[in-house]
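The file start.cif contains mmCIF, C-alpha atoms:
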```
data_model
#
loop_
_atom_site.label_atom_id
_atom_site.label_comp_id
_atom_site.auth_asym_id
_atom_site.auth_seq_id
_atom_site.Cartn_x
_atom_site.Cartn_y
_atom_site.Cartn_z
CA MET A 1 -43.71 3.41 58.17
CA GLU A 2 -47.08 3.17 56.43
CA LYS A 3 -48.82 -0.15 56.26
CA LYS A 4 -49.41 -1.85 52.94
CA GLN A 5 -52.99 -1.71 51.76
CA ILE A 6 -55.09 -4.68 50.64
CA THR A 7 -57.90 -3.10 48.63
CA ILE A 8 -61.07 -5.16 48.09
CA ILE A 9 -63.30 -3.85 45.30
CA ASP A 10 -66.95 -3.27 46.18
CA TYR A 11 -69.06 -3.29 43.03
CA GLY A 12 -72.24 -4.76 44.46
CA SER A 13 -71.21 -8.41 44.14
CA GLY A 14 -69.05 -10.63 46.28
CA ASN A 15 -68.59 -11.95 49.76
CA LEU A 16 -66.79 -8.79 50.88
CA ARG A 17 -66.92 -9.14 54.65
CA SER A 18 -65.79 -12.76 54.67
CA VAL A 19 -62.84 -11.90 52.44
CA GLU A 20 -61.99 -8.93 54.67
CA LYS A 21 -62.17 -11.06 57.83
CA ALA A 22 -59.97 -13.76 56.28
CA PHE A 23 -57.25 -11.23 55.46
CA GLU A 24 -57.54 -9.66 58.92
CA LYS A 25 -57.07 -13.10 60.48
CA ILE A 26 -53.92 -13.68 58.43
CA ILE A 27 -52.54 -10.23 59.29
CA ALA A 28 -53.10 -10.83 63.01
CA GLU A 29 -51.74 -14.38 63.08
CA HIS A 30 -48.58 -13.55 61.13
CA ASN A 31 -48.11 -10.01 62.50
CA LEU A 32 -48.06 -8.55 58.98
CA ASP A 33 -47.71 -4.86 58.22
CA PHE A 34 -50.95 -4.67 56.23
CA GLU A 35 -54.40 -3.17 56.56
CA VAL A 36 -57.57 -4.05 54.66
CA PHE A 37 -59.94 -1.66 52.87
CA ILE A 38 -63.22 -2.26 51.08
CA THR A 39 -63.92 0.46 48.55
CA SER A 40 -66.02 1.47 45.57
CA ASN A 41 -63.81 4.52 45.00
CA SER A 42 -61.60 3.98 41.96
CA ALA A 43 -59.10 6.59 43.20
CA ALA A 44 -58.38 4.39 46.25
CA LEU A 45 -56.55 1.90 44.03
CA GLU A 46 -53.61 4.31 43.79
CA GLY A 47 -52.69 3.57 47.41
CA ALA A 48 -53.21 -0.18 47.15
CA SER A 49 -50.32 -2.61 47.34
CA HIS A 50 -52.62 -5.60 46.61
CA ILE A 51 -55.98 -5.56 44.80
CA VAL A 52 -58.74 -8.13 45.29
CA LEU A 53 -61.83 -8.54 43.09
CA PRO A 54 -64.38 -10.91 44.66
CA GLY A 55 -67.57 -11.94 42.88
CA GLN A 56 -70.67 -14.07 43.09
CA GLY A 57 -73.74 -14.36 40.93
CA ALA A 58 -74.17 -14.18 37.17
CA PHE A 59 -71.29 -13.14 34.92
CA ALA A 60 -73.31 -10.44 33.13
CA ASP A 61 -74.62 -8.94 36.37
CA CYS A 62 -71.15 -8.79 37.87
CA MET A 63 -69.68 -7.22 34.75
CA ALA A 64 -72.49 -4.65 34.68
CA GLY A 65 -71.87 -3.90 38.35
CA LEU A 66 -68.18 -3.33 37.72
CA LYS A 67 -68.90 -1.06 34.76
CA GLY A 68 -71.36 0.85 36.94
CA VAL A 69 -68.66 2.00 39.36
CA SER A 70 -67.29 5.24 37.93
CA GLY A 71 -63.74 4.89 36.65
CA MET A 72 -63.19 1.48 38.27
CA ILE A 73 -62.32 -0.56 35.18
CA GLU A 74 -59.91 2.12 33.98
CA ALA A 75 -58.29 2.31 37.43
CA LEU A 76 -57.98 -1.48 37.62
CA GLU A 77 -56.37 -1.66 34.19
CA HIS A 78 -53.91 1.08 35.11
CA GLN A 79 -52.91 -0.35 38.48
CA VAL A 80 -52.87 -4.03 37.46
CA LEU A 81 -51.86 -4.08 33.80
CA ILE A 82 -49.53 -1.05 33.79
CA ASN A 83 -48.31 -0.63 37.38
CA LYS A 84 -48.27 -4.43 37.84
CA LYS A 85 -49.71 -4.53 41.34
CA PRO A 86 -50.52 -8.04 42.61
CA PHE A 87 -54.15 -8.82 41.78
CA LEU A 88 -56.46 -11.59 42.98
CA GLY A 89 -59.80 -12.47 41.40
CA ILE A 90 -62.08 -14.73 43.45
CA CYS A 91 -64.86 -16.89 41.91
CA VAL A 92 -66.72 -14.67 39.41
CA GLY A 93 -63.97 -12.13 40.03
CA MET A 94 -61.66 -14.63 38.34
CA GLN A 95 -64.14 -15.37 35.55
CA LEU A 96 -64.42 -11.67 34.66
CA LEU A 97 -60.76 -11.72 33.60
CA MET A 98 -61.66 -13.71 30.50
CA GLU A 99 -62.80 -12.42 27.11
CA GLN A 100 -66.39 -13.68 27.26
CA GLY A 101 -68.94 -15.24 29.56
CA LEU A 102 -71.61 -17.57 28.15
CA GLU A 103 -74.17 -17.33 30.96
CA HIS A 104 -77.69 -16.55 29.65
CA GLY A 105 -76.16 -15.09 26.49
CA VAL A 106 -72.73 -13.93 25.35
CA TYR A 107 -71.18 -11.10 27.35
CA ASP A 108 -67.81 -9.40 27.16
CA GLY A 109 -65.41 -9.69 30.09
CA LEU A 110 -62.31 -7.66 30.93
CA SER A 111 -60.20 -9.61 28.37
CA TRP A 112 -57.10 -9.58 30.55
CA LEU A 113 -56.73 -13.29 29.83
CA LYS A 114 -57.63 -15.21 26.68
CA GLY A 115 -60.55 -17.58 27.00
CA ARG A 116 -64.19 -17.72 27.98
CA VAL A 117 -66.48 -18.84 30.78
CA ILE A 118 -68.64 -21.83 29.92
CA PRO A 119 -71.32 -23.90 31.69
CA LEU A 120 -70.38 -27.01 33.61
CA ALA A 121 -71.48 -29.84 31.30
CA LEU A 122 -71.59 -33.11 33.21
CA SER A 123 -72.13 -36.52 31.67
CA ASP A 124 -73.13 -37.95 35.04
CA LYS A 125 -76.64 -36.60 35.64
CA ALA A 126 -76.51 -37.81 39.24
CA LEU A 127 -74.04 -35.02 40.01
CA LYS A 128 -75.59 -31.70 40.89
CA ILE A 129 -75.12 -28.27 39.40
CA PRO A 130 -74.10 -25.93 40.91
CA HIS A 131 -70.92 -27.65 41.94
CA MET A 132 -71.14 -26.91 45.65
CA GLY A 133 -69.02 -28.04 48.57
CA TRP A 134 -65.50 -29.28 49.24
CA ASN A 135 -63.27 -30.61 46.49
CA VAL A 136 -59.63 -31.54 46.12
CA VAL A 137 -57.54 -29.17 43.97
CA THR A 138 -54.51 -30.74 42.32
CA CYS A 139 -51.84 -28.04 42.22
CA ASP A 140 -48.76 -27.32 40.15
CA THR A 141 -46.28 -26.75 42.96
CA SER A 142 -43.67 -25.04 40.76
CA HIS A 143 -45.43 -21.66 41.17
CA PHE A 144 -45.12 -19.61 44.35
CA MET A 145 -48.90 -19.27 44.72
CA THR A 146 -49.38 -23.04 44.94
CA LYS A 147 -46.05 -24.46 46.13
CA ASN A 148 -47.00 -24.20 49.82
CA GLN A 149 -50.25 -26.12 49.53
CA GLU A 150 -50.36 -29.51 51.19
CA SER A 151 -50.81 -32.58 49.01
CA SER A 152 -54.39 -32.65 47.68
CA PRO A 153 -55.69 -29.52 49.44
CA HIS A 154 -59.46 -29.18 49.86
CA PHE A 155 -61.18 -25.94 48.80
CA TYR A 156 -64.81 -24.87 48.98
CA PHE A 157 -66.68 -24.32 45.69
CA VAL A 158 -70.03 -22.77 44.70
CA HIS A 159 -70.39 -22.33 40.92
CA SER A 160 -72.19 -23.45 37.76
CA PHE A 161 -69.70 -22.09 35.20
CA MET A 162 -65.99 -22.49 34.68
CA VAL A 163 -63.06 -20.90 32.86
CA GLU A 164 -61.94 -22.34 29.53
CA SER A 165 -58.48 -20.88 28.91
CA LYS A 166 -56.87 -20.35 25.51
CA GLU A 167 -53.46 -19.71 27.06
CA GLU A 168 -50.87 -22.35 27.88
CA ASN A 169 -49.43 -22.80 31.32
CA ILE A 170 -51.65 -20.38 33.23
CA VAL A 171 -53.64 -23.06 35.06
CA LEU A 172 -51.99 -23.90 38.39
CA GLY A 173 -54.73 -26.08 39.86
CA TYR A 174 -57.59 -28.34 38.76
CA ALA A 175 -60.56 -29.80 40.60
CA GLN A 176 -62.15 -32.97 39.25
CA TYR A 177 -65.94 -33.06 39.29
CA GLY A 178 -67.35 -36.09 37.51
CA ASP A 179 -65.72 -36.13 34.09
CA ILE A 180 -64.84 -32.43 34.15
CA SER A 181 -61.46 -30.99 35.10
CA ILE A 182 -62.25 -27.53 36.42
CA PRO A 183 -59.48 -24.91 36.20
CA SER A 184 -59.47 -23.73 39.80
CA ILE A 185 -56.35 -21.59 40.15
CA ILE A 186 -54.87 -19.54 37.31
CA ALA A 187 -51.96 -17.11 37.17
CA ARG A 188 -50.14 -14.96 34.65
CA ASP A 189 -47.61 -12.27 35.47
CA ASN A 190 -48.98 -10.36 38.51
CA ILE A 191 -52.54 -11.70 38.09
CA VAL A 192 -53.89 -14.70 39.99
CA GLY A 193 -57.43 -16.05 40.06
CA ILE A 194 -59.16 -18.73 42.10
CA GLN A 195 -62.52 -20.31 41.23
CA CYS A 196 -63.16 -21.60 44.74
CA HIS A 197 -63.61 -19.45 47.83
CA PRO A 198 -60.37 -19.22 49.84
CA GLU A 199 -62.15 -17.20 52.52
CA LYS A 200 -64.37 -20.25 53.18
CA SER A 201 -61.69 -22.91 52.68
CA GLN A 202 -60.12 -22.95 56.13
CA GLU A 203 -56.45 -23.99 56.21
CA ALA A 204 -55.87 -24.28 52.44
CA GLY A 205 -57.68 -21.02 51.75
CA LEU A 206 -55.86 -19.07 54.43
CA GLN A 207 -52.54 -20.42 53.14
CA PHE A 208 -53.46 -19.25 49.65
CA LEU A 209 -54.35 -15.72 50.84
CA TYR A 210 -51.21 -15.57 52.99
CA ASP A 211 -49.09 -16.52 49.99
CA PHE A 212 -50.82 -13.84 47.91
CA LEU A 213 -49.62 -11.21 50.41
CA ARG A 214 -46.07 -12.61 50.30
CA TRP A 215 -46.01 -13.06 46.52
CA THR A 216 -43.58 -10.91 44.56
CA PRO A 217 -44.32 -11.58 40.88
CA LYS A 218 -41.08 -11.79 38.94
CA GLN A 219 -40.78 -10.17 35.54
CA PHE A 220 -42.74 -12.44 35.29
CA ALA A 221 -42.07 -16.08 36.00
#
```
Transcribe the structure of this file into structure tokens.
Amino acid sequence: MEKKQITIIDYGSGNLRSVEKAFEKIIAEHNLDFEVFITSNSAALEGASHIVLPGQGAFADCMAGLKGVSGMIEALEHQVLINKKPFLGICVGMQLLMEQGLEHGVYDGLSWLKGRVIPLALSDKALKIPHMGWNVVTCDTSHFMTKNQESSPHFYFVHSFMVESKEENIVLGYAQYGDISIPSIIARDNIVGIQCHPEKSQEAGLQFLYDFLRWTPKQFA
């Protein structure tokens, strides 16, 4: 029996090795029938059971990097939007799902979800940007991807921009930073995104990645 394939997209941006190691740790600890691949080959998505898009840096640079990988956006749209394979976007990989990013200009995203990516605008000037370090994420425990999180789980953040969603009921978790509620976990259908870095978030992050591998999106609750 062939192992299921977790395919991590390499488009020149993202903490690829840390994400890979986190999944390998979960596979080993839970004796899961998975293997992990990092690829920049769009054809490799055909064999994927789960697709992961990491990301770090500026929205426009990440989007340009993704466009620069031959056939990758088309392959992602086919496998995620049509074939409905479970998809995870991490940090900027989550932000790219929106319609626009407003970082150093206005740039188009993938437009899989309705909304835009805006700067963190804090009233309290004593708080630093980027928002960096550990923060509590308050989760909606009615969804499979967040129901197994402990009360007030702590995740690790590094970002200066956040998602502003135009869709109801897709935000599963918020982090409070000063007077801003930051959408930190979002999900719709077979697509889930996380603003923080689960690969750096120890117990809560590993639980989140483990649940992603066990998640079977319903049509589509």
* To do: Output the residue selection produced by the PyMOL selection byres ((chain A and resi 27) around 12) on the file above, formatted as a list in words.
  => Lys3, Lys4, Gln5, Ile6, Glu20, Lys21, Ala22, Phe23, Glu24, Lys25, Ile26, Ala28, Glu29, His30, Asn31, Leu32, Asp33, Phe34, Glu35, Val36, Leu206, Gln207, Leu209, Tyr210, Asp211, Leu213 and Arg214 of chain A
* May I have the residues within 8 Å of A:Asn190 as a PyMOL selection string, using all atoms listed in the file and disregarding those fewer than 4 positions away in the same chain? => chain A and resi 80+84-87+217+220
* To one decimal in Å, tell me the separation between atom CA of A:Gln56 and atom CA of A:Asn15. =>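 Interatomic distance here is 7.3 Å.
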* Pick the closest to A:Gly57 from A:His154, A:Arg188, A:His159, A:Lys166: which is it, counting only C-alpha atoms? ->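 Distance minimum relative to A:Gly57 lands on A:His159.
Among the candidate residues A:Val136, A:Leu113, A:Val69, A:Leu122, the one lying nearest to A:Val171 is A:Leu113, with distances computed using only C-alpha atoms.
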* To do: Considering all atoms listed in the file, return as a list of chain:residue names whatever protein or nucleic-acid residues lie within 9 Å of A:Tyr177, sequence-local ones (same chain, fewer than 6 positions apart) excluded.
  => A:Leu122, A:Leu127, A:His131, A:Asn135
Just the selected residues (C-alpha atoms), exported as an mmCIF file, in the frame of the given file, please.
```cif
data_model
loop_
_atom_site.group_PDB
_atom_site.id
_atom_site.type_symbol
_atom_site.label_atom_id
_atom_site.label_comp_id
_atom_site.auth_asym_id
_atom_site.auth_seq_id
_atom_site.Cartn_x
_atom_site.Cartn_y
_atom_site.Cartn_z
ATOM 1 C CA LEU A 122 -71.590 -33.110 33.210
ATOM 2 C CA LEU A 127 -74.040 -35.020 40.010
ATOM 3 C CA HIS A 131 -70.920 -27.650 41.940
ATOM 4 C CA ASN A 135 -63.270 -30.610 46.490
#
```
Report, as AutoDock Vina command-line options, the axis-aligned box around all atoms of stretch 109-119 of chain A present in the file, extended by 3 Å on each side; give centre and edge lengths in Å to one decimal place.
```
--center_x -64.0 --center_y -15.8 --center_z 29.2 --size_x 20.6 --size_y 22.2 --size_z 11.0
```
* To do: Name every residue that the PyMOL selection byres ((chain A and resi 186) around 6) selects in this structure, writing the answer as a ChimeraX atom specification with chains first and numbers rising.
  => /A:170-172,185,187,192-193
* For atom CA of A:Leu97 and atom CA of A:Lys128, the interatomic separation in Å (one decimal) ->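 Taking atom CA of A:Leu97 as the start and atom CA of A:Lys128 as the end point, the length is 25.9 Å.
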* Asked: Hey, which of A:Asp179, A:Asp108, A:Glu203, A:Glu46 ends up closest to A:Gln95? Count all atoms listed in the file.
  ->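 Residue with the minimum atom-to-atom distance to A:Gln95: A:Asp108.
Of the residues under consideration (A:Glu74, A:Asp10, A:Glu164, A:Asp189), A:Glu164 shows the shortest atom-to-atom contact distance to A:Lys114 when counting all atoms listed in the file.
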